[in-house]
Protein chains: 2
Amino acid sequence: MAGQHTLAETERQVSERLAHMNLDFQAMAVTSNLFRAASAVRNHLERTVLSASGLSWTAFVVLWVTWIWEPIETRQIADEGGFSKATLTGVLNTLEGRGFLTREKSKDDGRLVLVSLTAKGRKLMDGLFPEFNKQEQKISSVVAEKNQTLFADMLRAVTAFTEAQ
Amino acid sequence: MAGQHTLAETERQVSERLAHMNLDFQAMAVTSNLFRAASAVRNHLERTVLSASGLSWTAFVVLWVTWIWEPIETRQIADEGGFSKATLTGVLNTLEGRGFLTREKSKDDGRLVLVSLTAKGRKLMDGLFPEFNKQEQKISSVVAEKNQTLFADMLRAVTAFTEAQ
DNA sequence: TCGAGATTGTTCGGATGCGAATAATCTCAG
DNA sequence: CTGAGATTATTCGCATCCGAACAATCTCGA
């Protein structure tokens, strides 16, 4: 990112190339900036916070969701994190191998697997998340305090609508 | 997504579990909803628009950036798309193999590679992008018209600040 | 009771995705 | 002119990532 072209230059070039197509450029700007922002923030947090612990973004999300909800069913981790069950299986293998969490068959329903953090995993999150949140705070501060709630609300609305489709 | 818990339930559980940690919950809500939104929109667009053409999200981004700027240097594609050069090499191999674009060594600088769409690739984007934009429009419509510019501006600010870090 | 259909986690094959190392090429001080 | 350093795309190894197929398990009407 932060490429040769500024965001403004890119948007100008886009409207120039696609002027004849009768498109909704405002909608294009919304989604395109949504992805740029998510991608930039993700890369930043991976570099500044997660890489020191050798965690990928997805691995961190899995740990975080488990931290909040443990014991948690795997299908719920995938739901909360927004990735597929197949992906989750692989990440759980990695994290279980590193000793951060454990899998356990549910007694009530033989199809389900319950995930919990180990003491090591809990210690990792206790140390990592405050640092993670400090970066979140810095990033969010570019949006004026009074607009942050509106910002989060709009993002929530986009999520809710899209998932309902 | 659209899991067992609503967004509100999740945020309540988070503040309950982490109440003792003195965190910035508003900042947490901003970034967490940023990723949920980006992920939901990406999954939705992949399913409704891209899967019919057998395109991954990243492959589509590569084609789109090339469509706008061709002929374009590979390093710029990676910049605009927000992924690494190593990733780009693989995706370019895939797309070149399917006949959507071509690579060509720069005459001015032997290190650079220029990418252009083939007629087949251009035809694909001519057909695909209007449909893609229609979905973008539907998604953006959940944000009130008068707020869309503010929304895009806030996303731009987040991107700019984060990349500058 | 029982079996067809639904649900779940895993496996499989193939396509991203990245950091580090590498070879080719360019730049520019001396 | 020249060679040390910078820049670029690729390669390599490994960890995601996904859809589809699969086996195990559960549900629930007949």
# chains A, B, ... in the order shown; residues from 1 in each chain; ligands from 1
>>> residues_around(residues="segment 14-30 of chain C", least_positions_apart="6", cutoff="6 Å", atoms="only C-alpha atoms (C1' of nucleotides)", output="list in words")
Thr87, Gly110 and Arg111 of chain B
>>> write_last_selection(atoms="N, CA and C atoms", output="mmCIF file, in the first residue's frame")
data_model
loop_
_atom_site.group_PDB
_atom_site.id
_atom_site.type_symbol
_atom_site.label_atom_id
_atom_site.label_comp_id
_atom_site.auth_asym_id
_atom_site.auth_seq_id
_atom_site.Cartn_x
_atom_site.Cartn_y
_atom_site.Cartn_z
ATOM 1 N N THR B 87 3.087 -12.915 -3.184
ATOM 2 C CA THR B 87 1.716 -13.350 -3.472
ATOM 3 C C THR B 87 1.348 -13.015 -4.906
ATOM 4 N N GLY B 110 15.249 -3.074 -16.900
ATOM 5 C CA GLY B 110 15.219 -4.523 -17.021
ATOM 6 C C GLY B 110 14.724 -5.266 -15.794
ATOM 7 N N ARG B 111 14.639 -4.561 -14.661
ATOM 8 C CA ARG B 111 14.130 -5.223 -13.452
ATOM 9 C C ARG B 111 12.609 -5.278 -13.437
#
>>> select_by_dssp(residues="segment 42-164 of chain B", states="strand (DSSP E)", output="PyMOL selection string")
chain B and resi 72-73+101-105+113-117
>>> write_last_selection(atoms="C-alpha atoms", output="tab-separated table (two decimals), in the first residue's frame")
chain	number	residue	atom	x	y	z
B	72	ILE	CA	1.09	-1.29	-15.02
B	73	GLU	CA	4.23	-2.30	-13.11
B	101	LEU	CA	-3.37	-10.92	-18.86
B	102	THR	CA	0.20	-10.84	-20.14
B	103	ARG	CA	3.57	-10.02	-18.65
B	104	GLU	CA	6.23	-8.11	-20.54
B	105	LYS	CA	9.69	-6.95	-19.53
B	113	VAL	CA	7.67	-6.28	-15.48
B	114	LEU	CA	4.65	-4.62	-17.09
B	115	VAL	CA	1.23	-6.22	-16.98
B	116	SER	CA	-1.61	-5.68	-19.46
B	117	LEU	CA	-5.01	-7.29	-19.95
>>> atom_distance(atom1="atom C1' of DC26 of chain D", atom2="atom C1' of DT7 of chain C")
7.6 Å
>>> atom_distance(atom1="atom CA of Thr159 of chain B", atom2="atom CA of Ala37 of chain A")
4.5 Å
>>> residues_around(residues="Gly54 of chain A", least_positions_apart="4", cutoff="12 Å", atoms="only C-alpha atoms (C1' of nucleotides)", output="ChimeraX atom specification")
/A:46-50,58-60,94-95,98,124,128 /C:19 /D:15
>>> residues_around(residues="DC2 of chain C", least_positions_apart="6", cutoff="12 Å", atoms="only C-alpha atoms (C1' of nucleotides)", output="short mmCIF file (atom, residue, chain, number, x, y, z; two decimals) with C-alpha atoms (C1' of nucleotides), in the first residue's frame")
data_model
loop_
_atom_site.label_atom_id
_atom_site.label_comp_id
_atom_site.auth_asym_id
_atom_site.auth_seq_id
_atom_site.Cartn_x
_atom_site.Cartn_y
_atom_site.Cartn_z
"C1'" DT D 27 -32.96 -35.64 14.74
"C1'" DC D 28 -37.44 -36.76 14.05
"C1'" DG D 29 -41.37 -38.41 11.56
"C1'" DA D 30 -43.61 -42.83 10.49
#
>>> atom_distance(atom1="atom CA of Glu163 of chain B", atom2="atom CA of Ala40 of chain A")
6.2 Å
>>> residues_around(residues="Thr162 of chain A", least_positions_apart="5", cutoff="7 Å", atoms="only C-alpha atoms (C1' of nucleotides)", output="list in words")
Ala40, Val41, His44 and Ile139 of chain B
>>> interface_residues(of="chain A", to="chain C", cutoff="10 Å", atoms="only C-alpha atoms (C1' of nucleotides)", output="list in words")
Ser56, Thr74, Arg75, Lys85, Ala86, Leu88, Thr89, Gly90, Asp109, Gly110, Arg111, Leu112 and Val113 of chain A
>>> write_last_selection(atoms="C-alpha atoms", output="short mmCIF file (atom, residue, chain, number, x, y, z; two decimals), in the first residue's frame")
data_model
loop_
_atom_site.label_atom_id
_atom_site.label_comp_id
_atom_site.auth_asym_id
_atom_site.auth_seq_id
_atom_site.Cartn_x
_atom_site.Cartn_y
_atom_site.Cartn_z
CA SER A 56 -0.80 -14.84 12.09
CA THR A 74 -15.45 -24.75 16.74
CA ARG A 75 -18.34 -23.81 14.45
CA LYS A 85 -14.43 -24.65 8.99
CA ALA A 86 -11.71 -26.09 6.79
CA LEU A 88 -10.18 -23.36 11.21
CA THR A 89 -9.12 -27.02 11.39
CA GLY A 90 -5.67 -26.12 10.13
CA ASP A 109 -23.17 -34.06 21.09
CA GLY A 110 -20.54 -36.35 19.62
CA ARG A 111 -20.22 -34.22 16.50
CA LEU A 112 -19.06 -31.13 18.34
CA VAL A 113 -15.56 -30.19 19.47
#
>>> closest_atom_pairs(of="chain D", to="chain B", cutoff="9 Å", atoms="only C-alpha atoms (C1' of nucleotides)", output="CSV")
residue,atom,partner,partner_atom,distance
D:DT7,C1',B:Arg111,CA,8.1
D:DT8,C1',B:Arg111,CA,5.1
D:DA9,C1',B:Arg111,CA,7.2
D:DT10,C1',B:Thr89,CA,7.3
D:DT11,C1',B:Ala86,CA,8.9
>>> select_by_dssp(residues="chain A", states="alpha helix (DSSP H)", output="number ranges by chain")
A: 7-17, 25-45, 57-69, 74-81, 85-97, 119-140, 145-164
>>> closest_residue(among="B:Val91, B:Ala52, B:Ala8, B:Ala152", to="chain A", atoms="only C-alpha atoms")
B:Ala152
